[in-house]
file entry_38.cif (mmCIF, C-alpha atoms (C1' of nucleotides))
data_work
#
loop_
_atom_site.label_atom_id
_atom_site.label_comp_id
_atom_site.auth_asym_id
_atom_site.auth_seq_id
_atom_site.Cartn_x
_atom_site.Cartn_y
_atom_site.Cartn_z
CA MET U 1 124.95 -21.01 -137.40
CA GLY U 2 126.47 -17.56 -137.79
CA LEU U 3 125.36 -14.50 -139.67
CA ILE U 4 127.36 -12.95 -142.47
CA LEU U 5 126.85 -9.71 -144.28
CA ARG U 6 126.46 -10.12 -148.02
CA LYS U 7 127.34 -7.55 -150.60
CA ASN U 8 123.81 -6.29 -150.95
CA LYS U 9 123.43 -5.77 -147.23
CA ILE U 10 121.34 -8.91 -146.89
CA GLU U 11 121.93 -10.86 -143.73
CA ARG U 12 121.37 -14.56 -144.07
CA PRO U 13 122.16 -17.47 -141.80
CA THR U 14 125.23 -19.17 -143.19
CA ASN U 15 128.56 -20.59 -142.12
CA CYS U 16 126.29 -23.51 -141.34
CA PRO U 17 127.65 -26.79 -142.67
CA LEU U 18 124.18 -27.96 -143.61
CA THR U 19 123.39 -24.79 -145.51
CA ASP U 20 126.74 -25.07 -147.22
CA VAL U 21 126.06 -28.54 -148.59
CA VAL U 22 122.54 -27.75 -149.65
CA ASP U 23 123.60 -24.57 -151.38
CA LEU U 24 126.33 -26.41 -153.22
CA LEU U 25 123.99 -29.17 -154.38
CA SER U 26 121.17 -26.87 -155.35
CA LYS U 27 123.21 -25.09 -157.99
CA ALA U 28 122.18 -25.95 -161.52
CA TRP U 29 123.40 -29.34 -162.74
CA ALA U 30 125.44 -30.07 -159.59
CA LEU U 31 123.50 -33.21 -158.72
CA ALA U 32 123.42 -34.35 -162.32
CA ILE U 33 127.18 -34.00 -162.53
CA ILE U 34 127.71 -35.96 -159.32
CA TRP U 35 125.31 -38.61 -160.52
CA ASN U 36 127.15 -39.02 -163.81
CA LEU U 37 130.55 -39.15 -162.17
CA SER U 38 129.28 -41.75 -159.73
CA ILE U 39 128.75 -44.06 -162.69
CA LEU U 40 132.12 -43.50 -164.31
CA PRO U 41 134.89 -40.90 -164.34
CA ARG U 42 134.40 -38.47 -167.17
CA ARG U 43 136.16 -35.82 -169.14
CA PHE U 44 134.78 -32.37 -169.78
CA GLY U 45 133.44 -33.16 -173.20
CA GLU U 46 131.91 -36.41 -172.06
CA LEU U 47 129.96 -34.61 -169.37
CA ARG U 48 128.76 -32.12 -171.96
CA HIS U 49 127.56 -35.04 -174.00
CA ASP U 50 125.82 -36.67 -171.04
CA LEU U 51 124.14 -33.38 -170.11
CA PRO U 52 123.16 -32.18 -173.58
CA THR U 53 121.68 -28.86 -172.55
CA ILE U 54 124.31 -27.72 -170.08
CA SER U 55 126.44 -24.77 -171.13
CA ALA U 56 130.21 -25.07 -171.07
CA ARG U 57 130.31 -22.06 -168.84
CA VAL U 58 128.15 -23.59 -166.11
CA LEU U 59 129.82 -26.98 -166.37
CA SER U 60 133.17 -25.29 -165.85
CA ILE U 61 131.96 -23.28 -162.88
CA ARG U 62 130.28 -26.28 -161.25
CA LEU U 63 133.34 -28.52 -161.65
CA HIS U 64 135.52 -25.87 -160.05
CA GLU U 65 133.12 -25.49 -157.16
CA LEU U 66 132.82 -29.23 -156.57
CA GLU U 67 136.58 -29.58 -156.77
CA ALA U 68 137.16 -26.67 -154.36
CA ARG U 69 134.79 -28.28 -151.86
CA GLY U 70 136.45 -31.65 -152.16
CA LEU U 71 133.65 -33.58 -153.80
CA VAL U 72 135.31 -33.96 -157.18
CA VAL U 73 138.94 -34.57 -158.08
CA ARG U 74 140.43 -33.31 -161.31
CA GLN U 75 142.99 -35.66 -162.78
CA PRO U 76 145.11 -34.05 -165.49
CA MET U 77 146.04 -36.60 -168.11
CA GLN U 78 149.38 -35.70 -169.59
CA SER U 79 148.89 -37.88 -172.61
CA PRO U 80 148.73 -35.57 -175.61
CA PRO U 81 146.43 -34.03 -176.46
CA PRO U 82 146.31 -32.47 -172.96
CA SER U 83 143.12 -33.60 -171.29
CA SER U 84 141.70 -34.09 -167.86
CA GLN U 85 139.37 -36.40 -166.10
CA TYR U 86 136.97 -35.80 -163.26
CA VAL U 87 136.41 -38.36 -160.54
CA LEU U 88 134.35 -38.45 -157.38
CA SER U 89 136.37 -38.08 -154.19
CA ALA U 90 136.21 -40.41 -151.22
CA LEU U 91 134.07 -37.82 -149.48
CA SER U 92 131.59 -38.01 -152.32
CA GLN U 93 131.46 -41.77 -151.94
CA ASP U 94 130.43 -41.36 -148.31
CA PHE U 95 127.99 -38.83 -149.56
CA LEU U 96 126.08 -40.95 -152.07
CA PRO U 97 124.14 -43.05 -149.52
CA ILE U 98 122.87 -39.89 -147.88
CA LEU U 99 121.70 -38.61 -151.23
CA ASN U 100 119.88 -41.87 -151.59
CA ASP U 101 118.13 -41.31 -148.25
CA LEU U 102 117.24 -37.81 -149.35
CA THR U 103 115.73 -39.21 -152.52
CA LYS U 104 113.41 -41.37 -150.44
CA ILE U 105 112.20 -38.27 -148.64
CA GLY U 106 111.76 -36.62 -152.01
CA HIS U 107 109.43 -39.39 -153.11
CA ARG U 108 107.23 -38.71 -150.13
CA LEU U 109 106.93 -34.99 -150.74
CA THR U 110 103.47 -33.94 -151.74
CA ASN U 111 103.11 -31.59 -154.61
CA MET U 112 100.08 -29.45 -153.99
CA THR U 113 101.54 -26.37 -155.68
CA PRO U 114 104.19 -27.48 -158.15
CA GLU U 115 105.51 -24.00 -158.77
CA TYR U 116 104.61 -22.13 -155.61
CA ASN U 117 106.65 -19.03 -156.16
CA GLU U 118 105.85 -15.39 -155.71
CA PHE U 119 102.25 -16.17 -154.73
CA SER U 120 101.72 -17.67 -158.19
CA MET A 1 115.20 -37.90 -163.97
CA GLY A 2 113.19 -36.27 -166.76
CA LEU A 3 113.64 -33.07 -168.67
CA ILE A 4 111.12 -30.28 -168.63
CA LEU A 5 110.89 -27.15 -170.70
CA ARG A 6 110.91 -24.01 -168.61
CA LYS A 7 109.37 -20.73 -169.54
CA ASN A 8 112.60 -19.22 -170.74
CA LYS A 9 113.37 -22.15 -173.02
CA ILE A 10 115.88 -23.52 -170.52
CA GLU A 11 115.93 -27.27 -170.22
CA ARG A 12 116.99 -28.51 -166.83
CA PRO A 13 116.86 -31.92 -165.25
CA THR A 14 113.98 -31.95 -162.84
CA ASN A 15 111.03 -34.08 -161.82
CA CYS A 16 113.75 -35.73 -159.82
CA PRO A 17 112.79 -36.32 -156.18
CA LEU A 18 116.29 -35.53 -155.02
CA THR A 19 116.43 -32.27 -156.94
CA ASP A 20 113.01 -31.43 -155.55
CA VAL A 21 114.10 -31.78 -151.93
CA VAL A 22 117.34 -29.94 -152.43
CA ASP A 23 115.65 -27.09 -154.25
CA LEU A 24 113.09 -26.80 -151.49
CA LEU A 25 115.72 -26.71 -148.76
CA SER A 26 118.03 -24.35 -150.56
CA LYS A 27 115.51 -21.54 -150.62
CA ALA A 28 116.32 -18.72 -148.26
CA TRP A 29 115.55 -19.45 -144.60
CA ALA A 30 113.96 -22.84 -145.30
CA LEU A 31 116.42 -24.78 -143.17
CA ALA A 32 116.37 -22.18 -140.44
CA ILE A 33 112.58 -22.41 -140.30
CA ILE A 34 112.65 -26.20 -140.11
CA TRP A 35 115.32 -26.03 -137.45
CA ASN A 36 113.31 -23.65 -135.32
CA LEU A 37 110.11 -25.65 -135.68
CA SER A 38 111.99 -28.80 -134.73
CA ILE A 39 112.60 -27.25 -131.32
CA LEU A 40 109.06 -26.10 -130.70
CA PRO A 41 105.91 -25.27 -132.68
CA ARG A 42 105.76 -21.59 -133.46
CA ARG A 43 103.44 -18.89 -134.67
CA PHE A 44 104.22 -16.50 -137.47
CA GLY A 45 105.36 -13.70 -135.25
CA GLU A 46 107.45 -15.98 -133.11
CA LEU A 47 109.33 -17.18 -136.17
CA ARG A 48 109.90 -13.58 -137.17
CA HIS A 49 111.36 -13.00 -133.76
CA ASP A 50 113.59 -16.06 -133.95
CA LEU A 51 114.81 -15.06 -137.41
CA PRO A 52 115.28 -11.35 -136.86
CA THR A 53 116.34 -10.46 -140.40
CA ILE A 54 113.75 -12.46 -142.32
CA SER A 55 111.11 -10.47 -144.16
CA ALA A 56 107.45 -11.25 -143.57
CA ARG A 57 107.08 -11.78 -147.28
CA VAL A 58 109.69 -14.53 -147.48
CA LEU A 59 108.53 -16.16 -144.26
CA SER A 60 105.03 -16.33 -145.67
CA ILE A 61 106.18 -17.80 -148.97
CA ARG A 62 108.46 -20.34 -147.30
CA LEU A 63 105.76 -21.52 -144.89
CA HIS A 64 103.34 -21.99 -147.78
CA GLU A 65 105.90 -23.98 -149.73
CA LEU A 66 106.83 -26.17 -146.81
CA GLU A 67 103.17 -26.75 -146.06
CA ALA A 68 102.37 -27.58 -149.70
CA ARG A 69 105.18 -30.14 -149.73
CA GLY A 70 104.03 -31.73 -146.53
CA LEU A 71 106.93 -30.78 -144.30
CA VAL A 72 105.06 -28.29 -142.18
CA VAL A 73 101.50 -28.35 -140.86
CA ARG A 74 99.55 -25.17 -140.25
CA GLN A 75 97.26 -25.43 -137.25
CA PRO A 76 94.67 -22.66 -137.10
CA MET A 77 93.94 -21.76 -133.50
CA GLN A 78 90.37 -20.65 -133.16
CA SER A 79 90.93 -19.02 -129.82
CA PRO A 80 90.44 -15.30 -130.32
CA PRO A 81 92.35 -13.50 -131.48
CA PRO A 82 92.52 -15.66 -134.62
CA SER A 83 95.98 -17.11 -134.84
CA SER A 84 97.79 -20.10 -136.24
CA GLN A 85 100.64 -22.31 -135.32
CA TYR A 86 103.18 -24.11 -137.46
CA VAL A 87 104.37 -27.61 -136.60
CA LEU A 88 106.71 -30.07 -138.27
CA SER A 89 104.94 -32.97 -139.96
CA ALA A 90 105.71 -36.64 -139.37
CA LEU A 91 107.57 -36.60 -142.68
CA SER A 92 109.78 -33.85 -141.37
CA GLN A 93 110.53 -35.92 -138.30
CA ASP A 94 111.81 -38.73 -140.52
CA PHE A 95 113.71 -36.07 -142.34
CA LEU A 96 115.68 -34.60 -139.46
CA PRO A 97 118.14 -37.49 -139.03
CA ILE A 98 119.05 -37.24 -142.70
CA LEU A 99 119.70 -33.54 -142.28
CA ASN A 100 121.96 -34.49 -139.43
CA ASP A 101 123.90 -36.85 -141.70
CA LEU A 102 124.15 -34.11 -144.29
CA THR A 103 125.55 -31.80 -141.67
CA LYS A 104 128.36 -34.25 -141.02
CA ILE A 105 129.24 -34.17 -144.70
CA GLY A 106 129.11 -30.40 -144.53
CA HIS A 107 131.70 -30.39 -141.80
CA ARG A 108 134.05 -32.32 -144.04
CA LEU A 109 133.72 -29.97 -146.99
CA THR A 110 136.87 -28.08 -147.74
CA ASN A 111 136.59 -24.42 -148.42
CA MET A 112 139.32 -23.47 -150.84
CA THR A 113 137.27 -20.79 -152.58
CA PRO A 114 134.63 -19.53 -150.15
CA GLU A 115 132.78 -17.55 -152.76
CA TYR A 116 133.62 -19.31 -155.99
CA ASN A 117 131.15 -17.67 -158.27
CA GLU A 118 131.48 -16.32 -161.76
CA PHE A 119 135.20 -17.04 -161.89
CA SER A 120 135.70 -14.67 -158.97
"C1'" DC D 1 139.12 -30.60 -176.99
"C1'" DT D 2 138.97 -27.78 -172.73
"C1'" DG D 3 137.84 -24.27 -171.07
"C1'" DT D 4 136.99 -18.67 -170.37
"C1'" DA D 5 135.02 -13.87 -171.22
"C1'" DT D 6 131.12 -10.91 -172.29
"C1'" DC D 7 126.39 -9.96 -172.49
"C1'" DC D 8 121.75 -10.35 -171.22
"C1'" DA D 9 117.18 -12.46 -169.45
"C1'" DT D 10 115.09 -14.33 -165.51
"C1'" DG D 11 114.15 -15.44 -160.76
"C1'" DA D 12 114.71 -14.85 -155.93
"C1'" DT D 13 114.72 -11.82 -152.15
"C1'" DG D 14 114.61 -7.61 -149.18
"C1'" DA D 15 112.20 -3.14 -148.19
"C1'" DT D 16 108.21 -0.91 -147.71
"C1'" DA D 17 103.57 -0.15 -147.44
"C1'" DC D 18 99.18 -1.89 -146.91
"C1'" DT D 19 94.82 -5.04 -145.32
"C1'" DG D 20 91.74 -7.75 -142.05
"C1'" DC T 1 99.09 -10.05 -134.86
"C1'" DA T 2 99.19 -12.39 -139.57
"C1'" DG T 3 99.85 -11.95 -143.60
"C1'" DT T 4 99.85 -9.85 -148.84
"C1'" DA T 5 100.96 -6.55 -152.85
"C1'" DT T 6 104.32 -3.72 -155.22
"C1'" DC T 7 108.83 -2.41 -156.34
"C1'" DA T 8 113.90 -2.45 -156.86
"C1'" DT T 9 118.06 -5.05 -156.80
"C1'" DC T 10 121.34 -8.64 -157.33
"C1'" DA T 11 122.95 -13.33 -158.40
"C1'" DT T 12 122.32 -17.25 -161.49
"C1'" DG T 13 122.60 -19.23 -165.70
"C1'" DG T 14 122.16 -19.45 -170.92
"C1'" DA T 15 124.01 -17.96 -175.60
"C1'" DT T 16 127.63 -16.79 -178.05
"C1'" DA T 17 132.14 -15.92 -179.19
"C1'" DC T 18 136.77 -16.56 -178.27
"C1'" DA T 19 141.55 -18.82 -176.63
"C1'" DG T 20 145.30 -22.41 -175.80
#
call {"tool": "encode", "arguments": {"input": "entry_38.cif", "output": "structure tokens"}}
result
Amino acid sequence: MGLILRKNKIERPTNCPLTDVVDLLSKAWALAIIWNLSILPRRFGELRHDLPTISARVLSIRLHELEARGLVVRQPMQSPPPSSQYVLSALSQDFLPILNDLTKIGHRLTNMTPEYNEFS
Amino acid sequence: MGLILRKNKIERPTNCPLTDVVDLLSKAWALAIIWNLSILPRRFGELRHDLPTISARVLSIRLHELEARGLVVRQPMQSPPPSSQYVLSALSQDFLPILNDLTKIGHRLTNMTPEYNEFS
DNA sequence: CTGTATCCATGATGATACTG
DNA sequence: CAGTATCATCATGGATACAG
């Protein structure tokens, strides 16, 4: 677990594989996107439909991130009109059971302070 | 996975156990704290020493959150001077192997765009 | 349809100073 | 030592408009 220097001079532990995954998954809608793709490959517009309140901007960013990290594969479909389809990678398939284990832990979390932030 | 209405009118999928865990772990220093406590129970100042660049404010918030969710137990030590010690809960112990699995996935993540944010 | 660019509101976090 | 309050800053994400 190394230390990197961020733009705003904040040192945080990173370059840690575990932190990497968690950071990736904690971004808005990331898990929802993975969940939807695990059911069926989807196109951009279909994901927008499945996630009614997501913005196109965030969906685009998230898909790029997940693709860059190897969790999602973008399949251009040359059939006019030009379209594309997003599919879970093999890595993501190995990943789903672990998410399932994590969910079990989630069920056991207590919830004494639902929104414990900033000494609320 | 339900939908809640947040203060700023943003609807996000939440009340999802998986999202809960991931959100908890993705907060700054959360994993580092858990990691350190998994080695040995620690007091506040010892954790500050282990995590040299953490601020007391964030350490305090994180410990409260982890305690409220049942991952960390705070043990007041009545021996003067008044002190306290933080220990991982039994739930956390069940949790560690899953974190280990997640780490393996992390190792397999590609890293084509290290800082893919905001169309950088 | 599939994105991308700009703008802005909010939340998270570090720095610092302070309390028992 | 063990926190807590206040403040400033930066990244995230939504809304909207725009492009191929």
call {"tool": "atom_distance", "arguments": {"input": "entry_38.cif", "atom1": "atom CA of Asp50 of chain A", "atom2": "atom C1' of DG20 of chain D"}}
result
24.7 Å
call {"tool": "closest_residue", "arguments": {"input": "entry_38.cif", "among": "D:DC1, D:DA17, D:DC7, D:DA12", "to": "DT16 of chain T", "atoms": "only C-alpha atoms (C1' of nucleotides)"}}
result
D:DC7
call {"tool": "interface_residues", "arguments": {"input": "entry_38.cif", "of": "chain U", "to": "chain A", "cutoff": "7 Å", "atoms": "all atoms listed in the file", "output": "list in words"}}
result
Glu11, Pro17, Leu18, Asp20, Val21, Val22, Asp23, Leu25, Ser26, Thr53, Glu65, Ala68, Arg69, Gly70, Phe95, Ile98, Asp101, Leu102, Thr103, Ile105, Gly106, His107, Leu109, Thr110, Asn111, Met112, Thr113 and Tyr116 of chain U
call {"tool": "interface_residues", "arguments": {"input": "entry_38.cif", "of": "chain D", "to": "chain A", "cutoff": "10 Å", "atoms": "only C-alpha atoms (C1' of nucleotides)", "output": "list in words"}}
result
DT4, DA5, DA9, DT10, DA12, DT13, DG14 and DA15 of chain D
call {"tool": "write_last_selection", "arguments": {"input": "entry_38.cif", "atoms": "C-alpha atoms (C1' of nucleotides)", "output": "PDB file, in the coordinates of the input"}}
result
ATOM      1  C1'  DT D   4     136.990 -18.670-170.370  1.00  0.00           C
ATOM      2  C1'  DA D   5     135.020 -13.870-171.220  1.00  0.00           C
ATOM      3  C1'  DA D   9     117.180 -12.460-169.450  1.00  0.00           C
ATOM      4  C1'  DT D  10     115.090 -14.330-165.510  1.00  0.00           C
ATOM      5  C1'  DA D  12     114.710 -14.850-155.930  1.00  0.00           C
ATOM      6  C1'  DT D  13     114.720 -11.820-152.150  1.00  0.00           C
ATOM      7  C1'  DG D  14     114.610  -7.610-149.180  1.00  0.00           C
ATOM      8  C1'  DA D  15     112.200  -3.140-148.190  1.00  0.00           C
TER       9       DA D  15
END
call {"tool": "atom_distance", "arguments": {"input": "entry_38.cif", "atom1": "atom CA of Val72 of chain U", "atom2": "atom CA of Ile34 of chain U"}}
result
8.1 Å
call {"tool": "closest_atom_pairs", "arguments": {"input": "entry_38.cif", "of": "chain T", "to": "chain A", "cutoff": "10 Å", "atoms": "only C-alpha atoms (C1' of nucleotides)", "output": "CSV"}}
result
residue,atom,partner,partner_atom,distance
T:DC1,C1',A:Gly45,CA,7.3
T:DA2,C1',A:Phe44,CA,6.8
T:DG3,C1',A:Ser60,CA,7.1
T:DT4,C1',A:Arg57,CA,7.6
T:DA5,C1',A:Arg57,CA,9.8
T:DA11,C1',A:Asn117,CA,9.3
T:DT12,C1',A:Glu118,CA,9.2
T:DG13,C1',A:Ile10,CA,9.3
T:DG14,C1',A:Ile10,CA,7.5
call {"tool": "resolve_selection", "arguments": {"input": "entry_38.cif", "expression": "the PyMOL selection byres ((chain U and resi 38) around 10)", "output": "list of chain:residue names"}}
result
U:Ala32, U:Ile33, U:Ile34, U:Trp35, U:Asn36, U:Leu37, U:Ile39, U:Leu40, U:Pro41, U:Arg42, U:Val87, U:Leu88, U:Ser89, U:Ser92, U:Gln93, U:Leu96
call {"tool": "atom_distance", "arguments": {"input": "entry_38.cif", "atom1": "atom C1' of DT2 of chain D", "atom2": "atom CA of Met77 of chain U"}}
result
12.2 Å
